[in-house]
$ cat start_22.pdb   # PDB, C-alpha atoms
ATOM      1  CA  MET A   1      93.837 106.352 114.846
ATOM      2  CA  LEU A   2      95.139 108.334 111.919
ATOM      3  CA  ALA A   3      98.746 109.455 111.772
ATOM      4  CA  LEU A   4      99.871 112.973 110.950
ATOM      5  CA  SER A   5     100.813 111.881 107.424
ATOM      6  CA  ASP A   6      97.220 110.746 106.865
ATOM      7  CA  TYR A   7      95.883 114.161 107.858
ATOM      8  CA  ILE A   8      98.387 115.870 105.579
ATOM      9  CA  PHE A   9      97.389 113.604 102.705
ATOM     10  CA  TYR A  10      93.668 114.272 103.217
ATOM     11  CA  PHE A  11      94.285 118.015 103.453
ATOM     12  CA  LEU A  12      96.280 117.994 100.215
ATOM     13  CA  ALA A  13      93.699 115.800  98.493
ATOM     14  CA  PHE A  14      90.897 118.155  99.562
ATOM     15  CA  THR A  15      92.927 121.153  98.372
ATOM     16  CA  ALA A  16      93.566 119.511  94.991
ATOM     17  CA  PHE A  17      89.893 118.531  94.630
ATOM     18  CA  PHE A  18      88.611 121.980  95.637
ATOM     19  CA  SER A  19      91.033 123.720  93.285
ATOM     20  CA  ALA A  20      90.185 121.372  90.423
ATOM     21  CA  CYS A  21      86.464 122.002  90.886
ATOM     22  CA  SER A  22      87.113 125.741  91.059
ATOM     23  CA  VAL A  23      88.915 125.615  87.706
ATOM     24  CA  ILE A  24      85.656 124.758  85.962
ATOM     25  CA  LEU A  25      83.265 126.660  88.218
ATOM     26  CA  VAL A  26      84.936 130.084  88.260
ATOM     27  CA  GLN A  27      83.885 132.407  85.445
ATOM     28  CA  ASN A  28      87.032 134.542  85.309
ATOM     29  CA  PRO A  29      89.701 132.756  83.224
ATOM     30  CA  ILE A  30      92.540 134.352  85.179
ATOM     31  CA  TYR A  31      91.191 132.908  88.433
ATOM     32  CA  SER A  32      90.698 129.614  86.643
ATOM     33  CA  ALA A  33      94.391 129.592  85.687
ATOM     34  CA  LEU A  34      95.313 130.386  89.289
ATOM     35  CA  PHE A  35      93.205 127.484  90.588
ATOM     36  CA  LEU A  36      94.754 125.209  87.957
ATOM     37  CA  ALA A  37      98.222 126.134  89.213
ATOM     38  CA  SER A  38      97.183 125.477  92.828
ATOM     39  CA  THR A  39      95.774 122.089  91.785
ATOM     40  CA  MET A  40      99.074 121.147  90.188
ATOM     41  CA  VAL A  41     101.055 122.272  93.236
ATOM     42  CA  ALA A  42      98.758 120.276  95.549
ATOM     43  CA  VAL A  43      99.187 117.155  93.410
ATOM     44  CA  ALA A  44     102.965 117.645  93.518
ATOM     45  CA  ALA A  45     102.766 117.936  97.312
ATOM     46  CA  ILE A  46     100.809 114.664  97.405
ATOM     47  CA  PHE A  47     103.603 113.032  95.416
ATOM     48  CA  VAL A  48     106.151 114.384  97.908
ATOM     49  CA  SER A  49     104.114 112.957 100.797
ATOM     50  CA  LEU A  50     104.182 109.579  99.024
ATOM     51  CA  ASP A  51     108.019 109.732  98.716
ATOM     52  CA  ALA A  52     107.851 110.182  94.939
ATOM     53  CA  GLY A  53     110.160 113.167  94.669
ATOM     54  CA  PHE A  54     111.009 112.669  91.002
ATOM     55  CA  VAL A  55     107.360 112.610  89.966
ATOM     56  CA  ALA A  56     106.705 115.681  92.137
ATOM     57  CA  GLY A  57     109.561 117.525  90.466
ATOM     58  CA  VAL A  58     108.318 116.609  87.013
ATOM     59  CA  GLN A  59     104.808 117.675  88.051
ATOM     60  CA  LEU A  60     106.072 121.089  89.116
ATOM     61  CA  ILE A  61     108.460 121.645  86.223
ATOM     62  CA  VAL A  62     106.342 120.335  83.366
ATOM     63  CA  TYR A  63     102.774 121.015  84.417
ATOM     64  CA  ALA A  64     102.890 123.863  86.915
ATOM     65  CA  GLY A  65     105.679 125.537  84.971
ATOM     66  CA  ALA A  66     105.522 124.943  81.239
ATOM     67  CA  VAL A  67     101.848 124.140  80.781
ATOM     68  CA  MET A  68     100.752 127.093  82.906
ATOM     69  CA  VAL A  69     102.955 129.433  80.857
ATOM     70  CA  LEU A  70     101.312 128.156  77.674
ATOM     71  CA  PHE A  71      97.860 128.445  79.266
ATOM     72  CA  VAL A  72      98.477 132.065  80.267
ATOM     73  CA  MET A  73      99.750 132.806  76.768
ATOM     74  CA  VAL A  74      96.516 131.428  75.315
ATOM     75  CA  LEU A  75      94.583 133.661  77.708
ATOM     76  CA  MET A  76      96.541 136.606  76.345
ATOM     77  CA  LEU A  77      95.244 135.779  72.870
ATOM     78  CA  PHE A  78      91.582 136.005  73.874
ATOM     79  CA  ASP A  79      89.597 139.175  74.234
ATOM     80  CA  LEU A  80      88.409 138.750  77.813
ATOM     81  CA  LYS A  81      85.814 141.521  77.430
ATOM     82  CA  HIS A  82      83.722 139.244  75.245
ATOM     83  CA  ASP A  83      84.348 135.925  76.965
ATOM     84  CA  LEU A  84      80.655 135.251  77.626
ATOM     85  CA  ASP A  85      79.963 135.174  73.875
ATOM     86  CA  ALA A  86      82.164 132.086  73.605
ATOM     87  CA  PHE A  87      79.640 129.905  75.432
ATOM     88  CA  SER A  88      77.166 128.305  73.095
ATOM     89  CA  PRO A  89      73.630 128.016  74.428
ATOM     90  CA  GLY A  90      71.279 125.446  72.995
ATOM     91  CA  ILE A  91      69.800 122.009  73.409
ATOM     92  CA  LEU A  92      72.516 120.160  71.508
ATOM     93  CA  SER A  93      75.419 121.744  73.374
ATOM     94  CA  GLY A  94      73.593 121.270  76.697
ATOM     95  CA  ALA A  95      73.070 117.581  75.928
ATOM     96  CA  PHE A  96      76.735 117.246  74.978
ATOM     97  CA  LYS A  97      77.782 118.888  78.235
ATOM     98  CA  LEU A  98      75.546 116.571  80.276
ATOM     99  CA  ALA A  99      76.850 113.514  78.400
ATOM    100  CA  SER A 100      80.420 114.639  79.039
ATOM    101  CA  VAL A 101      79.718 115.011  82.758
ATOM    102  CA  GLY A 102      78.166 111.531  82.796
ATOM    103  CA  VAL A 103      81.171 109.981  81.080
ATOM    104  CA  ILE A 104      83.605 111.709  83.436
ATOM    105  CA  LEU A 105      81.632 110.645  86.515
ATOM    106  CA  GLY A 106      81.501 107.089  85.163
ATOM    107  CA  LEU A 107      85.262 107.064  84.696
ATOM    108  CA  ILE A 108      85.797 108.412  88.205
ATOM    109  CA  MET A 109      83.475 105.845  89.770
ATOM    110  CA  GLY A 110      85.074 103.034  87.739
ATOM    111  CA  SER A 111      88.564 104.050  88.828
ATOM    112  CA  ILE A 112      87.451 104.213  92.467
ATOM    113  CA  TYR A 113      85.898 100.750  92.185
ATOM    114  CA  MET A 114      88.973  99.277  90.497
ATOM    115  CA  SER A 115      91.419 100.858  92.929
ATOM    116  CA  ALA A 116      89.403  99.671  95.923
ATOM    117  CA  ASP A 117      89.324  96.182  94.418
ATOM    118  CA  MET A 118      93.095  96.232  93.882
ATOM    119  CA  VAL A 119      93.770  97.483  97.414
ATOM    120  CA  PHE A 120      91.610  94.929  99.195
ATOM    121  CA  ASN A 121      92.234  91.866  96.992
ATOM    122  CA  SER A 122      95.929  91.940  96.151
ATOM    123  CA  GLN A 123      99.268  91.423  97.739
ATOM    124  CA  VAL A 124     101.695  94.344  97.599
ATOM    125  CA  THR A 125     105.231  93.400  96.649
ATOM    126  CA  PRO A 126     107.935  95.937  97.492
ATOM    127  CA  ILE A 127     110.251  97.181  94.773
ATOM    128  CA  PRO A 128     113.840  96.082  95.374
ATOM    129  CA  ALA A 129     116.149  98.868  96.486
ATOM    130  CA  THR A 130     118.781  97.756  93.969
ATOM    131  CA  LEU A 131     116.744  99.026  91.054
ATOM    132  CA  ASP A 132     117.382 102.658  90.213
ATOM    133  CA  PRO A 133     114.717 103.539  87.631
ATOM    134  CA  VAL A 134     115.358 107.282  87.768
ATOM    135  CA  ARG A 135     118.997 106.914  86.756
ATOM    136  CA  GLY A 136     118.104 104.601  83.874
ATOM    137  CA  LEU A 137     115.350 106.937  82.708
ATOM    138  CA  ALA A 138     117.606 109.985  82.883
ATOM    139  CA  THR A 139     120.387 108.199  80.998
ATOM    140  CA  THR A 140     117.997 107.132  78.260
ATOM    141  CA  LEU A 141     116.201 110.452  77.921
ATOM    142  CA  PHE A 142     119.187 112.784  78.149
ATOM    143  CA  GLY A 143     121.571 110.447  76.346
ATOM    144  CA  ASN A 144     119.690 108.957  73.438
ATOM    145  CA  TYR A 145     116.986 111.594  73.034
ATOM    146  CA  LEU A 146     118.798 114.830  73.890
ATOM    147  CA  PHE A 147     118.484 116.236  70.369
ATOM    148  CA  ALA A 148     114.709 115.624  70.414
ATOM    149  CA  PHE A 149     114.392 117.604  73.661
ATOM    150  CA  GLU A 150     116.367 120.478  72.187
ATOM    151  CA  VAL A 151     114.212 120.520  69.041
ATOM    152  CA  ILE A 152     110.996 120.485  71.081
ATOM    153  CA  GLY A 153     112.286 123.335  73.259
ATOM    154  CA  ALA A 154     113.130 125.419  70.188
ATOM    155  CA  LEU A 155     109.750 124.603  68.643
ATOM    156  CA  LEU A 156     107.903 125.708  71.780
ATOM    157  CA  LEU A 157     109.886 128.945  71.806
ATOM    158  CA  VAL A 158     108.989 129.638  68.166
ATOM    159  CA  ILE A 159     105.326 128.877  68.903
ATOM    160  CA  ALA A 160     105.319 131.281  71.854
ATOM    161  CA  ILE A 161     106.909 134.077  69.832
ATOM    162  CA  GLY A 162     104.538 133.447  66.928
ATOM    163  CA  ALA A 163     101.459 133.469  69.150
ATOM    164  CA  VAL A 164     102.390 136.770  70.739
ATOM    165  CA  THR A 165     103.270 138.252  67.335
ATOM    166  CA  LEU A 166      99.970 137.139  65.786
ATOM    167  CA  SER A 167      97.991 138.541  68.689
ATOM    168  CA  ARG A 168      99.579 141.967  68.207
ATOM    169  CA  VAL A 169      99.125 142.372  64.428
ATOM    170  CA  ARG A 170      96.398 144.599  63.003
ATOM    171  CA  GLY A 171      93.062 142.840  63.372
ATOM    172  CA  GLY A 172      94.263 140.578  66.222
ATOM    173  CA  THR A 173      92.415 140.349  69.497
ATOM    174  CA  HIS A 174      94.551 142.913  71.299
ATOM    175  CA  ALA A 175      95.573 145.046  68.338
ATOM    176  CA  ASN A 176      95.565 148.797  68.637
ATOM    177  CA  ASP A 177      93.121 149.892  65.931
TER     178      ASP A 177
END
$ encode --input "start_22.pdb" --output "structure tokens"
Amino acid sequence: MLALSDYIFYFLAFTAFFSACSVILVQNPIYSALFLASTMVAVAAIFVSLDAGFVAGVQLIVYAGAVMVLFVMVLMLFDLKHDLDAFSPGILSGAFKLASVGVILGLIMGSIYMSADMVFNSQVTPIPATLDPVRGLATTLFGNYLFAFEVIGALLLVIAIGAVTLSRVRGGTHAND
């Protein structure tokens, strides 16, 4: 009999899978961004259900926060009235799309096979409670590499301001002619 945590996990996994499929199946890019955000939140909830709070927090802060902001900014740069012209019809692009789907399905099936093999044919050794990897990681990242984080943050801010500025100049996608 399945426990409540199993049902919660399967619900979150189905939600993440449905949202991820909707990202590529929906034609409206705004809805696609919304489904991408819901996928990231569902994956973070899966991490919480697996008692990986740090990874869930990083998932929410980095992916659902920062990456989604950049994704929405890129959407602002496009002229959504002519989004169907961006798709390239043809035999070569169709073959490339089919090959890409085949490679992705092969990777998914290979990962399922390998994970099933690892689950059924290995012994699980618990991590000792004395190890505190989060504290060591935080000390290393925010101690030794603090300046690099500050530089990357400033660089991302300059990129965001530049992208919005370039989209508003005469001849840009949203320029007032």
$ atom_distance --input "start_22.pdb" --atom1 "CA of Leu25 in chain A" --atom2 "CA of Ala163 in chain A"
27.2 Å
$ residues_around --input "start_22.pdb" --residues "Ile24 in chain A" --least-positions-apart "5" --cutoff "12 Å" --atoms "all atoms listed in the file" --output "list of chain:residue names"
A:Phe17, A:Phe18, A:Ser19, A:Pro29, A:Ile30, A:Tyr31, A:Ser32, A:Ala33, A:Leu34, A:Phe35, A:Leu36, A:Thr39, A:Val101
$ atom_distance --input "start_22.pdb" --atom1 "CA of Tyr113 in chain A" --atom2 "CA of Phe14 in chain A"
19.6 Å
$ closest_atom_pairs --input "start_22.pdb" --of "range 8-82 of chain A" --to "range 129-153 of chain A" --cutoff "12 Å" --atoms "all atoms listed in the file" --output "CSV"
residue,atom,partner,partner_atom,distance
A:Ala52,CA,A:Val134,CA,10.8
A:Gly53,CA,A:Val134,CA,10.5
A:Phe54,CA,A:Val134,CA,7.6
A:Val55,CA,A:Val134,CA,9.9
A:Val58,CA,A:Val134,CA,11.7
A:Ala66,CA,A:Gly153,CA,10.6
$ write_last_selection --input "start_22.pdb" --atoms "C-alpha atoms" --output "mmCIF file, in the frame of the given file"
data_model
loop_
_atom_site.group_PDB
_atom_site.id
_atom_site.type_symbol
_atom_site.label_atom_id
_atom_site.label_comp_id
_atom_site.auth_asym_id
_atom_site.auth_seq_id
_atom_site.Cartn_x
_atom_site.Cartn_y
_atom_site.Cartn_z
ATOM 1 C CA ALA A 52 107.851 110.182 94.939
ATOM 2 C CA GLY A 53 110.160 113.167 94.669
ATOM 3 C CA PHE A 54 111.009 112.669 91.002
ATOM 4 C CA VAL A 55 107.360 112.610 89.966
ATOM 5 C CA VAL A 58 108.318 116.609 87.013
ATOM 6 C CA ALA A 66 105.522 124.943 81.239
#
$ closest_residue --input "start_22.pdb" --among "A:Val72, A:Ile61, A:Ile91, A:Ala45" --to "Val164 in chain A" --atoms "all atoms listed in the file"
A:Val72
$ axis_aligned_box --input "start_22.pdb" --around "range 98-107 of chain A" --padding-each-side "8 Å" --output "lines of an AutoDock Vina configuration file"
center_x = 80.4
center_y = 111.8
center_z = 82.5
size_x = 25.7
size_y = 25.5
size_z = 24.1
$ closest_residue --input "start_22.pdb" --among "A:Ser49, A:Gln59, A:Thr165, A:Gln27" --to "Leu12 in chain A" --atoms "only C-alpha atoms"
A:Ser49
$ atom_distance --input "start_22.pdb" --atom1 "CA of Leu4 in chain A" --atom2 "CA of Leu50 in chain A"
13.1 Å
